[in-house]
$ cat run_16.csv   # CSV, C-alpha atoms
chain,number,residue,atom,x,y,z
A,257,MET,CA,32.4,-30.3,34.5
A,258,SER,CA,34.5,-33.3,33.9
A,259,LYS,CA,36.1,-34.2,30.6
A,260,VAL,CA,33.5,-33.7,27.8
A,261,ASN,CA,33.1,-36.4,25.3
A,262,VAL,CA,31.4,-35.3,22.1
A,263,GLU,CA,32.4,-38.2,19.9
A,264,LYS,CA,29.0,-39.8,20.0
A,265,TYR,CA,27.3,-36.6,18.7
A,266,ILE,CA,29.8,-36.3,15.8
A,267,LYS,CA,29.7,-40.0,15.1
A,268,ASN,CA,25.9,-40.0,15.0
A,269,TYR,CA,25.2,-36.8,13.1
A,270,GLY,CA,28.4,-35.7,11.3
A,271,ARG,CA,31.1,-33.1,11.4
A,272,THR,CA,29.6,-30.4,9.1
A,273,LYS,CA,27.4,-27.4,9.9
A,274,GLU,CA,24.4,-29.4,8.4
A,275,ALA,CA,24.6,-31.5,11.5
A,276,SER,CA,24.2,-28.6,13.9
A,277,ILE,CA,20.5,-29.0,14.7
A,278,PRO,CA,20.6,-32.7,15.4
A,279,ILE,CA,23.8,-32.3,17.5
A,280,LEU,CA,22.2,-29.5,19.5
A,281,GLN,CA,19.0,-31.6,20.0
A,282,ALA,CA,21.1,-34.5,21.2
A,283,ILE,CA,23.1,-32.4,23.6
A,284,GLN,CA,20.0,-30.8,25.0
A,285,ALA,CA,18.4,-34.2,25.4
A,286,ASP,CA,21.4,-35.4,27.4
A,287,TYR,CA,22.0,-32.3,29.6
A,288,GLY,CA,18.6,-30.6,29.6
A,289,TYR,CA,20.2,-27.5,28.1
A,290,LEU,CA,23.3,-26.6,26.0
A,291,PRO,CA,26.4,-26.2,28.2
A,292,MET,CA,28.9,-23.9,26.7
A,293,ASP,CA,31.9,-26.2,27.3
A,294,VAL,CA,30.1,-29.0,25.4
A,295,LEU,CA,29.4,-26.6,22.5
A,296,GLY,CA,33.0,-25.5,22.5
A,297,LYS,CA,34.2,-29.1,22.4
A,298,VAL,CA,31.9,-29.9,19.4
A,299,CYS,CA,33.4,-27.0,17.5
A,300,GLU,CA,37.0,-28.2,18.4
A,301,GLU,CA,36.1,-31.7,17.2
A,302,SER,CA,34.1,-30.8,14.0
A,303,GLU,CA,34.0,-28.4,11.1
A,304,ILE,CA,31.3,-26.3,12.8
A,305,THR,CA,32.4,-22.9,13.9
A,306,LYS,CA,31.5,-21.4,17.2
A,307,SER,CA,29.6,-18.5,15.6
A,308,HIS,CA,27.5,-20.9,13.5
A,309,LEU,CA,26.6,-23.2,16.4
A,310,TYR,CA,25.8,-20.4,18.8
A,311,GLY,CA,23.8,-18.7,16.0
A,312,VAL,CA,21.7,-21.8,15.6
A,313,ALA,CA,21.3,-22.3,19.3
A,314,THR,CA,20.1,-18.8,19.9
A,315,PHE,CA,17.9,-18.6,16.8
A,316,TYR,CA,15.6,-21.6,17.7
A,317,SER,CA,13.5,-21.2,20.8
A,318,GLN,CA,13.6,-24.9,21.5
A,319,PHE,CA,17.3,-24.6,22.6
A,320,LYS,CA,18.2,-23.4,26.1
A,321,LEU,CA,21.6,-22.1,27.1
A,322,THR,CA,20.9,-22.2,30.8
A,323,PRO,CA,19.6,-25.2,32.9
A,324,LYS,CA,15.9,-25.3,33.7
A,325,GLY,CA,14.9,-25.0,37.3
A,326,LYS,CA,13.5,-27.8,39.4
A,327,ASN,CA,10.1,-26.2,38.8
A,328,ALA,CA,9.7,-25.1,35.2
A,329,ILE,CA,7.1,-22.3,34.8
A,330,LYS,CA,5.6,-21.8,31.4
A,331,ILE,CA,3.3,-18.8,31.0
A,332,CYS,CA,1.0,-18.8,28.0
A,333,LYS,CA,1.1,-15.8,25.8
A,334,GLY,CA,-1.5,-17.0,23.3
A,335,THR,CA,-4.3,-14.7,22.1
A,336,ALA,CA,-6.8,-15.7,24.8
A,337,CYS,CA,-4.3,-15.4,27.6
A,338,HIS,CA,-2.9,-12.2,26.3
A,339,VAL,CA,-6.4,-10.6,26.1
A,340,LYS,CA,-7.1,-11.8,29.7
A,341,GLY,CA,-4.0,-10.5,31.2
A,342,ALA,CA,-1.0,-12.8,30.8
A,343,ASP,CA,1.3,-9.8,30.9
A,344,VAL,CA,0.1,-9.1,34.5
A,345,SER,CA,1.0,-12.7,35.5
A,346,ILE,CA,4.4,-12.4,33.8
A,347,VAL,CA,5.2,-9.3,35.9
A,348,ALA,CA,4.0,-11.0,39.1
A,349,PHE,CA,6.1,-14.1,38.5
A,350,LYS,CA,9.2,-12.0,37.6
A,351,ASP,CA,8.7,-9.9,40.8
A,352,GLN,CA,8.1,-12.9,43.0
A,353,LEU,CA,11.1,-14.9,41.7
A,354,GLY,CA,13.5,-12.1,41.0
A,355,ILE,CA,14.3,-13.3,37.5
A,356,ASN,CA,13.4,-12.5,33.9
A,357,ILE,CA,11.9,-14.7,31.2
A,358,ASP,CA,14.3,-17.5,30.2
A,359,GLN,CA,16.2,-17.3,33.5
A,360,THR,CA,16.6,-19.6,36.4
A,361,THR,CA,16.7,-18.6,40.1
A,362,GLU,CA,20.1,-18.8,41.7
A,363,ASP,CA,19.1,-21.7,43.8
A,364,GLY,CA,17.9,-23.6,40.7
A,365,ALA,CA,14.4,-24.0,42.1
A,366,PHE,CA,12.5,-22.1,39.4
A,367,SER,CA,12.8,-21.2,35.7
A,368,LEU,CA,10.5,-18.9,33.8
A,369,GLU,CA,9.6,-18.9,30.2
A,370,THR,CA,6.7,-17.9,27.9
A,371,VAL,CA,5.1,-20.2,25.4
A,372,ALA,CA,2.9,-19.5,22.4
A,373,CYS,CA,0.0,-21.6,23.6
A,374,LEU,CA,-0.7,-24.2,26.3
A,375,GLY,CA,-4.1,-25.3,24.7
A,376,CYS,CA,-6.1,-24.3,27.7
A,377,CYS,CA,-7.8,-21.2,26.3
A,378,SER,CA,-11.0,-21.5,28.4
A,379,LEU,CA,-8.8,-21.2,31.5
A,380,ALA,CA,-7.0,-18.0,30.4
A,381,PRO,CA,-4.7,-16.6,31.6
A,382,VAL,CA,-3.0,-19.9,32.2
A,383,VAL,CA,0.4,-21.1,33.5
A,384,MET,CA,1.9,-24.5,33.7
A,385,ILE,CA,4.3,-25.4,36.5
A,386,ASN,CA,6.0,-28.7,35.7
A,387,GLU,CA,2.9,-30.7,34.7
A,388,ASP,CA,0.3,-28.8,36.8
A,389,VAL,CA,-2.0,-26.3,35.1
A,390,TYR,CA,-3.3,-23.1,36.8
A,391,GLY,CA,-6.0,-21.1,35.1
A,392,SER,CA,-7.7,-17.8,35.7
A,393,LEU,CA,-4.4,-16.6,37.1
A,394,SER,CA,-4.2,-13.1,38.6
A,395,SER,CA,-1.2,-11.4,40.1
A,396,SER,CA,-2.7,-12.1,43.6
A,397,LYS,CA,-2.8,-15.8,42.9
A,398,VAL,CA,0.9,-16.0,41.8
A,399,ARG,CA,2.2,-15.9,45.4
A,400,SER,CA,-0.1,-18.7,46.7
A,401,THR,CA,0.6,-20.8,43.6
A,402,LEU,CA,4.4,-20.5,44.1
A,403,LYS,CA,4.0,-21.5,47.8
A,404,LYS,CA,2.8,-24.9,46.6
A,405,TYR,CA,6.3,-25.4,45.3
A,406,GLY,CA,8.2,-24.2,48.3
A,407,LYS,CA,8.6,-20.5,47.5
A,408,GLU,CA,8.0,-18.4,50.6
$ encode --input "run_16.csv" --output "structure tokens"
Amino acid sequence: MSKVNVEKYIKNYGRTKEASIPILQAIQADYGYLPMDVLGKVCEESEITKSHLYGVATFYSQFKLTPKGKNAIKICKGTACHVKGADVSIVAFKDQLGINIDQTTEDGAFSLETVACLGCCSLAPVVMINEDVYGSLSSSKVRSTLKKYGKE
């Protein structure tokens, strides 16, 4: 990555550890995730320690330390989806993509995460790929669903 400029984050939000969350939110808005070199530069240019900033980044699920894939897959783990077999869908997606939850495929095509609820309980178990919702998902439907996004 080229020279990292973190001045705007520090100027807008401050140099102290109280500014950690807004700084992390701004970085993630700019990059789509939290690049380690940018976090390191924030620590060099502010009073925030690396351990504190990393602790905040890993504590809150909104923050991602790896870039999302071109196709972001969100598997619902809400009560209705859990009861109707979300865990089976999770295993199927992990097997098909060769990644675990909160990871991205090497080619950057897919990322996989779980969410507390997608608000589509009547379609349980449900998954969202980008903005598309797929309900009544079974392990046998995972392969055909992924094919729509170029996964062979």
$ residues_around --input "run_16.csv" --residues "Ala380 (chain A)" --least-positions-apart "2" --cutoff "12 Å" --atoms "only C-alpha atoms" --output "number ranges by chain"
A: 331-343, 345, 373-378, 382-384, 389-394
$ atom_distance --input "run_16.csv" --atom1 "CA of Lys264 (chain A)" --atom2 "CA of Lys306 (chain A)"
18.8 Å
$ residues_near_point --input "run_16.csv" --point "(27.8, -38.4, 22.0)" --cutoff "9 Å" --atoms "all atoms listed in the file" --output "PyMOL selection string"
chain A and resi 261-268+279+282-283+286
$ closest_residue --input "run_16.csv" --among "A:Pro291, A:Tyr310, A:Val344, A:Thr370" --to "Asn356 (chain A)" --atoms "all atoms listed in the file"
A:Thr370
$ closest_residue --input "run_16.csv" --among "A:Leu353, A:Ile385, A:Val298, A:Val312" --to "Lys404 (chain A)" --atoms "all atoms listed in the file"
A:Ile385
$ closest_residue --input "run_16.csv" --among "A:Ser396, A:Asn327, A:Ser307, A:Ser302" --to "Gly270 (chain A)" --atoms "all atoms listed in the file"
A:Ser302
$ residues_near_point --input "run_16.csv" --point "(25.7, -28.9, 13.6)" --cutoff "10 Å" --atoms "all atoms listed in the file" --output "list in words"
Tyr265, Ile266, Tyr269, Gly270, Arg271, Thr272, Lys273, Glu274, Ala275, Ser276, Ile277, Pro278, Ile279, Leu280, Gln281, Leu295, Val298, Cys299, Ser302, Glu303, Ile304, Thr305, His308, Leu309, Tyr310, Val312 and Ala313 of chain A
$ atom_distance --input "run_16.csv" --atom1 "CA of Gly354 (chain A)" --atom2 "CA of Gln318 (chain A)"
23.3 Å
$ atom_distance --input "run_16.csv" --atom1 "CA of Ala348 (chain A)" --atom2 "CA of Ser317 (chain A)"
23.0 Å
$ residues_around --input "run_16.csv" --residues "Leu321 (chain A)" --least-positions-apart "3" --cutoff "10 Å" --atoms "all atoms listed in the file" --output "ChimeraX atom specification"
/A:284,288-292,310,313-314,324,358-359
$ closest_residue --input "run_16.csv" --among "A:Lys330, A:Leu379, A:Asp388, A:Leu368" --to "Gln352 (chain A)" --atoms "only C-alpha atoms"
A:Leu368
$ closest_residue --input "run_16.csv" --among "A:Val347, A:Leu402, A:Glu387, A:Lys397" --to "Phe366 (chain A)" --atoms "all atoms listed in the file"
A:Leu402
$ build_atoms --input "run_16.csv" --residues "region 331-347 of chain A" --atoms "N, CA and C atoms" --output "PDB file, in the coordinates of the input"
ATOM      1  N   ILE A 331       4.470 -19.694  31.039  1.00  0.00           N
ATOM      2  CA  ILE A 331       3.300 -18.800  31.000  1.00  0.00           C
ATOM      3  C   ILE A 331       2.857 -18.644  29.574  1.00  0.00           C
ATOM      4  N   CYS A 332       1.573 -18.907  29.375  1.00  0.00           N
ATOM      5  CA  CYS A 332       1.000 -18.800  28.000  1.00  0.00           C
ATOM      6  C   CYS A 332       0.834 -17.393  27.603  1.00  0.00           C
ATOM      7  N   LYS A 333       1.260 -17.132  26.352  1.00  0.00           N
ATOM      8  CA  LYS A 333       1.100 -15.800  25.800  1.00  0.00           C
ATOM      9  C   LYS A 333       0.217 -15.856  24.520  1.00  0.00           C
ATOM     10  N   GLY A 334      -0.587 -16.925  24.414  1.00  0.00           N
ATOM     11  CA  GLY A 334      -1.500 -17.000  23.300  1.00  0.00           C
ATOM     12  C   GLY A 334      -2.528 -15.920  23.322  1.00  0.00           C
ATOM     13  N   THR A 335      -3.330 -15.824  22.279  1.00  0.00           N
ATOM     14  CA  THR A 335      -4.300 -14.700  22.100  1.00  0.00           C
ATOM     15  C   THR A 335      -5.225 -14.616  23.319  1.00  0.00           C
ATOM     16  N   ALA A 336      -5.869 -15.707  23.701  1.00  0.00           N
ATOM     17  CA  ALA A 336      -6.800 -15.700  24.800  1.00  0.00           C
ATOM     18  C   ALA A 336      -6.144 -15.241  26.105  1.00  0.00           C
ATOM     19  N   CYS A 337      -4.984 -15.784  26.382  1.00  0.00           N
ATOM     20  CA  CYS A 337      -4.300 -15.400  27.600  1.00  0.00           C
ATOM     21  C   CYS A 337      -3.782 -13.985  27.564  1.00  0.00           C
ATOM     22  N   HIS A 338      -3.321 -13.561  26.423  1.00  0.00           N
ATOM     23  CA  HIS A 338      -2.900 -12.200  26.300  1.00  0.00           C
ATOM     24  C   HIS A 338      -4.035 -11.218  26.564  1.00  0.00           C
ATOM     25  N   VAL A 339      -5.178 -11.484  25.964  1.00  0.00           N
ATOM     26  CA  VAL A 339      -6.400 -10.600  26.100  1.00  0.00           C
ATOM     27  C   VAL A 339      -6.810 -10.604  27.597  1.00  0.00           C
ATOM     28  N   LYS A 340      -6.669 -11.746  28.280  1.00  0.00           N
ATOM     29  CA  LYS A 340      -7.100 -11.800  29.700  1.00  0.00           C
ATOM     30  C   LYS A 340      -6.081 -11.498  30.701  1.00  0.00           C
ATOM     31  N   GLY A 341      -4.931 -10.986  30.279  1.00  0.00           N
ATOM     32  CA  GLY A 341      -4.000 -10.500  31.200  1.00  0.00           C
ATOM     33  C   GLY A 341      -2.730 -11.254  31.517  1.00  0.00           C
ATOM     34  N   ALA A 342      -2.245 -12.007  30.562  1.00  0.00           N
ATOM     35  CA  ALA A 342      -1.000 -12.800  30.800  1.00  0.00           C
ATOM     36  C   ALA A 342       0.149 -11.882  31.160  1.00  0.00           C
ATOM     37  N   ASP A 343       0.203 -10.667  30.627  1.00  0.00           N
ATOM     38  CA  ASP A 343       1.300  -9.800  30.900  1.00  0.00           C
ATOM     39  C   ASP A 343       1.357  -9.421  32.427  1.00  0.00           C
ATOM     40  N   VAL A 344       0.204  -9.324  33.057  1.00  0.00           N
ATOM     41  CA  VAL A 344       0.100  -9.100  34.500  1.00  0.00           C
ATOM     42  C   VAL A 344       0.732 -10.245  35.266  1.00  0.00           C
ATOM     43  N   SER A 345       0.410 -11.462  34.819  1.00  0.00           N
ATOM     44  CA  SER A 345       1.000 -12.700  35.500  1.00  0.00           C
ATOM     45  C   SER A 345       2.472 -12.732  35.274  1.00  0.00           C
ATOM     46  N   ILE A 346       2.936 -12.365  34.105  1.00  0.00           N
ATOM     47  CA  ILE A 346       4.400 -12.400  33.800  1.00  0.00           C
ATOM     48  C   ILE A 346       5.103 -11.452  34.803  1.00  0.00           C
ATOM     49  N   VAL A 347       4.602 -10.251  34.946  1.00  0.00           N
ATOM     50  CA  VAL A 347       5.200  -9.300  35.900  1.00  0.00           C
ATOM     51  C   VAL A 347       5.209  -9.829  37.287  1.00  0.00           C
TER      52      VAL A 347
END
